[in-house]
Each structure stands twice: as structure tokens, then as C-alpha cells.
Amino acid sequence: MLIPGIETSCDETGVALSDGGAGRLLAHAVHSQVAMHDAYGGVVPELASRDHIRRLVPLTREVLARAGRKTMDLEGIGYTEGPGLAGALLVGASFAHSLALSLGIPAIGIHHLEGHLLSPLLSARPPQFPFVALLVSGGHTQLMRVDGVGRYRLLGETQDDAAGEAFDKTAKLLGLGYPGGPALSRLAESGTPGRHKLPRPMLHSDDLDFSFSGLKTAVLTLIKTGNANPPDVARSFVDAIVEVLVAKCLRALETTGLTNLVVAGGVGANLQLRAALDAQAKRHGFDVFYAEPELCTDNGAMIAFAAALRLEASSRAPSGFSVKPRWDLEG
């Protein structure tokens with residue numbers, strides 16, 4: 001079952017070709033708009049949409065050529081339905097539905113977060129259901145219980161800024177440019193641990209929710225003193241974020257009684273977070289699984305894979321079953 005995936009939710013155009021629920025990725029390509037948006041210090045929606053228009057057809061042709069396949073071989077097409085920038089999403093949806101209509105195949109809209117959630121299943125060491133998932137990215141920070149495809153229960157989420165958003169805003173305060181998350185993590189490696197005391201928001205709350213806006217404000221206050229060394233600030237910030245994320249993951253595993261933890265989303269590639277979780281996994285006896293680094297950011301591979309799983313499920317379902325995905329989170 002050959003399924004392409006189209007991802008155009010924000011500032012990366014991703015196209016991939018999957019052989020279905022088996023999870024074998026035949027080819028994928030991603031074009032990043034970082035260089036274009038850097039001059040503005042963040043994503044400009046109109047520019048993002050126009051660039052997706054320019055990139056989608058060439059990238060699709062490139063991916064098909066790499067895989068040695070033709071459009072007539074396709075059996076469905078997945079695309080990111082949301083959330084994201086409205087104009088950018090419209091580009092991907094229009095392309096997917098037009099191609100699907102011309103070929104007489106289904107177009108499957110995929111929730112962006114479901115794509116990230118299932119992306120670790122594409123890794124060399126995929127997790128088994130059920131598991132606790134930490135979705136941690138620029139726009140979302142959530143903990144979920146995942147019992148299978150389409151079976152998700154929300155355990156906790158951020159009450160304000162997402163972890164990735166806090167990374168980018170703090171990086172901007174330190175003059176690191178856009179996107180700032182990876183640069184901030186690199187700067188933190190040369191900082192001294194414990195040099196600055198920053199808050200750990202909601203670390204000891206009785207729930208599994210997060211809050212990171214206060215941490216960003218604390219960094220701003222620290223910088224205004226004029227006595228803050230940027231590497232030390234970066235290290236203190238990263239340590240605070242990581243401590244909260246790890247503590248909430250441990251609490252989620254304890255609450256659910258599960259022993260598998262999946263980490264997905266852009267911040268899932270953070271080396272400090274991975275090191276801390278790996279250490280705790282060894283200490284507490286649970287298994288932790290990550291998406292491959294190249295699949296942590298937005299990409300078409302996760303959309304193709306999720307669409308293939310949805311389409312295969314519909315082929316086994318009774319007549320009248322819709323392939324349109326549901327993202328109804330319990331909790």
C-alpha cells in the first residue's frame with residue numbers, strides 16, 4: 001500500500017512515501033524555510049504559504065523518483081489537516097485532494113500531533129502498545145496514554161507556553177536568533193550547572209500539567225540584572241525545563257502503571273532531555289523510545305505512516321467506516 005504524506009503545517013515542506021502500516025519509508029524529503037524567516041525573527045505566515053506552493057510539486061516528484069514509483073502506483077494520500085498556519089495547511093490540503101481526485105484514491109487528513117505521536121514507530125527500535133507519550137514541541141507539551149492507533153487519553157498538558165516555545169523565546173532573549181531552541185541547547189553545554197537558580201513551574205503539583213511562561217519571565221528578570229553569563233543562563237534554563245519534563249514523565253508512568261515511555265516532537269531531539277530520561281530509565285526500570293532525530297521535526301514521513309495505518313484500519317472495517325481520523329482525547 002503506497003501512501004505519500006504531505007506536511008505543510010508551518011515552515012517546513014515535507015513529502016514522503018511509505019509502503020503502508022509496515023512502516024518502511026521508501027523516500028522522504030524536507031525543505032526548511034528557516035533561512036527565509038530568520039530575517040524576520042520568526043515565521044511569516046504569508047511567506048510560508050507561498051513557499052509551500054513553490055516546493056510541493058518538485059519535492060513530490062523528487063520523492064517518487066527516489067523510490068522508483070509513479071503517481072499511478074499510489075493507493076491513498078495523507079496530508080496534515082491541522083493544527084498549523086491556516087494558509088500553509090490549505091496549500092497541502094488542496095494539493096492532496098487534487099492529486100487524490102485525479103487518481104481516484106482517498107485523501108486522508110491527519111492531525112499533526114498524531115503524526116508526531118506515532119513517529120517513534122518508524123524507528124529501528126519501535127515501542128509496543130500501550131505506552132505513555134510525551135509530545136513536546138514548539139506548540140505543544142502533552143502527556144498521553146496511548147493504547148493503540150486512535151486510542152489516546154490526555155493525561156496532562158501545558159497551561160501556557162509549550163516547552164519548545166519557551167526554548168525559542170528564551171533564545172531570543174539571549175540574542176540567539178531564529179529558530180533558537182537548538183542554539184540554546186548548544187550554548188547550554190558550555191554553561192556551569194547551578195550558577196543561576198530558576199523556578200521549576202508546577203514541579204510538585206498533584207497533576208500532570210505543565211507551565212513554562214513563568215520560567216521565561218524569570219530568565220528575562222535575570223538578564224536585566226546585567227550579571228548573567230549567557231552560557232550559564234542557558235544551562236540553568238535547560239536544566240529547569242528538563243527536570244520538570246522528566247519528573248512529570250515519571251509521575252505519568254507511575255500513575256498509569258506502564259513501563260514504556262515514548263518521546264516525540266521537536267524538543268524530543270534535545271540531547272539534555274534524552275540523557276536525563278535515559279538515566280532515569282536505567283534507574284527506575286522502564287524503557288524509553290524516541291523518534292529518529294530527522295523525524296523529530298515536522299516531516300512527511302510521520303504523516304504518510306499515520307495515513308497508512310488509518311487507511312489499513314478502514315479496509316478491515318465494516319462498510320460505511322470513514323477514513324477521516326478522529327483526535328478525540330479523553331481526559
# chains A, B, ... in the order shown; residues from 1 in each chain; ligands from 1
call {"tool": "closest_atom_pairs", "arguments": {"of": "segment 37-136 of chain A", "to": "segment 295-307 of chain A", "cutoff": "7 Å", "atoms": "only C-alpha atoms", "output": "CSV"}}
result
residue,atom,partner,partner_atom,distance
A:Gly78,CA,A:Ala307,CA,5.1
A:Tyr79,CA,A:Ile303,CA,6.3
A:Thr80,CA,A:Ile303,CA,6.7
A:Ile108,CA,A:Ala307,CA,6.0
A:Ile110,CA,A:Ile303,CA,6.5
A:Gly115,CA,A:Met302,CA,4.8
A:His116,CA,A:Met302,CA,6.4
A:Leu118,CA,A:Ala306,CA,6.8
A:Ser119,CA,A:Met302,CA,5.2
call {"tool": "write_last_selection", "arguments": {"atoms": "N, CA, C and O atoms", "output": "PDB file, in the first residue's frame"}}
result
ATOM      1  N   GLY A  78      -1.896  10.981   2.300  1.00  0.00           N
ATOM      2  CA  GLY A  78      -2.105  11.598   3.596  1.00  0.00           C
ATOM      3  C   GLY A  78      -1.601  13.028   3.603  1.00  0.00           C
ATOM      4  O   GLY A  78      -0.629  13.350   2.929  1.00  0.00           O
ATOM      5  N   TYR A  79      -2.264  13.868   4.358  1.00  0.00           N
ATOM      6  CA  TYR A  79      -1.841  15.257   4.467  1.00  0.00           C
ATOM      7  C   TYR A  79      -2.155  15.770   5.868  1.00  0.00           C
ATOM      8  O   TYR A  79      -3.046  15.246   6.548  1.00  0.00           O
ATOM      9  N   THR A  80      -1.432  16.769   6.308  1.00  0.00           N
ATOM     10  CA  THR A  80      -1.676  17.357   7.619  1.00  0.00           C
ATOM     11  C   THR A  80      -2.915  18.232   7.546  1.00  0.00           C
ATOM     12  O   THR A  80      -2.967  19.212   6.806  1.00  0.00           O
ATOM     13  N   ILE A 108      -6.473  11.351   3.044  1.00  0.00           N
ATOM     14  CA  ILE A 108      -6.672  11.121   4.472  1.00  0.00           C
ATOM     15  C   ILE A 108      -6.061  12.272   5.260  1.00  0.00           C
ATOM     16  O   ILE A 108      -4.842  12.460   5.250  1.00  0.00           O
ATOM     17  N   ILE A 110      -4.695  14.018   8.441  1.00  0.00           N
ATOM     18  CA  ILE A 110      -4.059  13.539   9.672  1.00  0.00           C
ATOM     19  C   ILE A 110      -3.817  14.708  10.617  1.00  0.00           C
ATOM     20  O   ILE A 110      -3.316  15.765  10.206  1.00  0.00           O
ATOM     21  N   GLY A 115       0.594  12.489  13.981  1.00  0.00           N
ATOM     22  CA  GLY A 115       1.785  12.158  13.212  1.00  0.00           C
ATOM     23  C   GLY A 115       3.011  12.081  14.102  1.00  0.00           C
ATOM     24  O   GLY A 115       3.789  11.115  14.057  1.00  0.00           O
ATOM     25  N   HIS A 116       3.211  13.101  14.935  1.00  0.00           N
ATOM     26  CA  HIS A 116       4.344  13.091  15.863  1.00  0.00           C
ATOM     27  C   HIS A 116       4.237  11.924  16.843  1.00  0.00           C
ATOM     28  O   HIS A 116       5.227  11.245  17.139  1.00  0.00           O
ATOM     29  N   LEU A 118       2.954   9.002  16.578  1.00  0.00           N
ATOM     30  CA  LEU A 118       3.238   7.684  16.013  1.00  0.00           C
ATOM     31  C   LEU A 118       4.617   7.584  15.368  1.00  0.00           C
ATOM     32  O   LEU A 118       5.047   6.487  15.005  1.00  0.00           O
ATOM     33  N   SER A 119       5.327   8.706  15.239  1.00  0.00           N
ATOM     34  CA  SER A 119       6.609   8.695  14.535  1.00  0.00           C
ATOM     35  C   SER A 119       7.664   7.779  15.160  1.00  0.00           C
ATOM     36  O   SER A 119       8.484   7.208  14.430  1.00  0.00           O
TER      37      SER A 119
END
call {"tool": "residues_around", "arguments": {"residues": "Ala86 of chain A", "least_positions_apart": "6", "cutoff": "10 Å", "atoms": "only C-alpha atoms", "output": "PyMOL selection string"}}
result
chain A and resi 8-10+45-46+49
call {"tool": "closest_residue", "arguments": {"among": "A:Val267, A:Leu245, A:Leu121, A:Val34", "to": "Gly181 of chain A", "atoms": "only C-alpha atoms"}}
result
A:Val267
call {"tool": "atom_distance", "arguments": {"atom1": "atom CA of Leu143 of chain A", "atom2": "atom CA of Ser205 of chain A"}}
result
14.7 Å
call {"tool": "closest_residue", "arguments": {"among": "A:Arg283, A:Pro199, A:Leu113, A:Val146", "to": "Pro127 of chain A", "atoms": "only C-alpha atoms"}}
result
A:Val146
call {"tool": "closest_residue", "arguments": {"among": "A:Asp38, A:Ser190, A:Gln33, A:Gly268", "to": "Phe289 of chain A", "atoms": "only C-alpha atoms"}}
result
A:Gly268
call {"tool": "select_by_dssp", "arguments": {"residues": "segment 153-236 of chain A", "states": "strand (DSSP E)", "output": "JSON, numbers by chain"}}
result
{"A": [153, 154, 155, 156, 157]}
call {"tool": "closest_residue", "arguments": {"among": "A:Leu220, A:Gly194, A:Ser211, A:Thr256", "to": "Ser236 of chain A", "atoms": "only C-alpha atoms"}}
result
A:Gly194
call {"tool": "closest_residue", "arguments": {"among": "A:Glu189, A:Asp209, A:Leu122, A:Lys216", "to": "Glu292 of chain A", "atoms": "only C-alpha atoms"}}
result
A:Leu122
call {"tool": "atom_distance", "arguments": {"atom1": "atom CA of Phe212 of chain A", "atom2": "atom CA of Leu173 of chain A"}}
result
15.0 Å
call {"tool": "closest_residue", "arguments": {"among": "A:Thr225, A:Thr71, A:Thr13, A:Thr217", "to": "Ala48 of chain A", "atoms": "only C-alpha atoms"}}
result
A:Thr13
call {"tool": "select_by_dssp", "arguments": {"residues": "segment 64-267 of chain A", "states": "alpha helix (DSSP H)", "output": "PyMOL selection string"}}
result
chain A and resi 64-67+86-103+112-118+163-173+181-188+213-224+230-256
call {"tool": "atom_distance", "arguments": {"atom1": "atom CA of Glu12 of chain A", "atom2": "atom CA of Val30 of chain A"}}
result
6.6 Å
call {"tool": "residues_around", "arguments": {"residues": "segment 150-164 of chain A", "least_positions_apart": "6", "cutoff": "6 Å", "atoms": "only C-alpha atoms", "output": "list in words"}}
result
Ser137, Gly138, Gly139, His140, Thr141, Gln142, Leu143, Met144, Leu208, Asp209, Phe210, Ser211, Phe212, Ser213, Leu329, Glu330 and Gly331 of chain A
call {"tool": "residues_around", "arguments": {"residues": "Val238 of chain A", "least_positions_apart": "2", "cutoff": "9 Å", "atoms": "only C-alpha atoms", "output": "ChimeraX atom specification"}}
result
/A:167,184-185,188,233-236,240-243,272-273
call {"tool": "write_last_selection", "arguments": {"atoms": "N, CA and C atoms", "output": "mmCIF file, in the first residue's frame"}}
result
data_model
loop_
_atom_site.group_PDB
_atom_site.id
_atom_site.type_symbol
_atom_site.label_atom_id
_atom_site.label_comp_id
_atom_site.auth_asym_id
_atom_site.auth_seq_id
_atom_site.Cartn_x
_atom_site.Cartn_y
_atom_site.Cartn_z
ATOM 1 N N PHE A 167 11.735 27.567 24.834
ATOM 2 C CA PHE A 167 13.101 27.500 24.319
ATOM 3 C C PHE A 167 13.358 28.642 23.337
ATOM 4 N N LEU A 184 20.175 27.308 21.684
ATOM 5 C CA LEU A 184 20.166 27.435 23.142
ATOM 6 C C LEU A 184 20.728 26.169 23.797
ATOM 7 N N SER A 185 20.361 25.023 23.271
ATOM 8 C CA SER A 185 20.866 23.762 23.816
ATOM 9 C C SER A 185 22.371 23.654 23.645
ATOM 10 N N ALA A 188 24.064 25.899 26.123
ATOM 11 C CA ALA A 188 23.970 25.366 27.489
ATOM 12 C C ALA A 188 25.089 24.377 27.803
ATOM 13 N N VAL A 233 23.146 31.049 31.893
ATOM 14 C CA VAL A 233 21.691 31.235 31.840
ATOM 15 C C VAL A 233 21.061 30.110 31.022
ATOM 16 N N ALA A 234 21.668 29.828 29.867
ATOM 17 C CA ALA A 234 21.144 28.770 29.007
ATOM 18 C C ALA A 234 21.151 27.432 29.735
ATOM 19 N N ARG A 235 22.244 27.143 30.453
ATOM 20 C CA ARG A 235 22.330 25.870 31.173
ATOM 21 C C ARG A 235 21.283 25.782 32.279
ATOM 22 N N SER A 236 21.089 26.859 33.010
ATOM 23 C CA SER A 236 20.094 26.870 34.070
ATOM 24 C C SER A 236 18.685 26.706 33.514
ATOM 25 N N ALA A 240 16.220 23.407 34.112
ATOM 26 C CA ALA A 240 14.898 23.582 34.710
ATOM 27 C C ALA A 240 13.824 22.898 33.866
ATOM 28 N N ILE A 241 13.868 23.120 32.565
ATOM 29 C CA ILE A 241 12.894 22.502 31.656
ATOM 30 C C ILE A 241 12.981 20.978 31.736
ATOM 31 N N VAL A 242 14.208 20.480 31.640
ATOM 32 C CA VAL A 242 14.411 19.027 31.636
ATOM 33 C C VAL A 242 13.941 18.401 32.943
ATOM 34 N N GLU A 243 14.244 19.045 34.069
ATOM 35 C CA GLU A 243 13.840 18.493 35.359
ATOM 36 C C GLU A 243 12.320 18.358 35.449
ATOM 37 N N GLN A 272 20.070 16.982 26.102
ATOM 38 C CA GLN A 272 19.995 17.004 27.566
ATOM 39 C C GLN A 272 18.770 16.245 28.068
ATOM 40 N N LEU A 273 17.646 16.397 27.374
ATOM 41 C CA LEU A 273 16.432 15.689 27.762
ATOM 42 C C LEU A 273 16.614 14.187 27.586
#
call {"tool": "residues_around", "arguments": {"residues": "Ala281 of chain A", "least_positions_apart": "3", "cutoff": "12 Å", "atoms": "only C-alpha atoms", "output": "ChimeraX atom specification"}}
result
/A:246-247,249-250,253,259-262,274-278,284-289
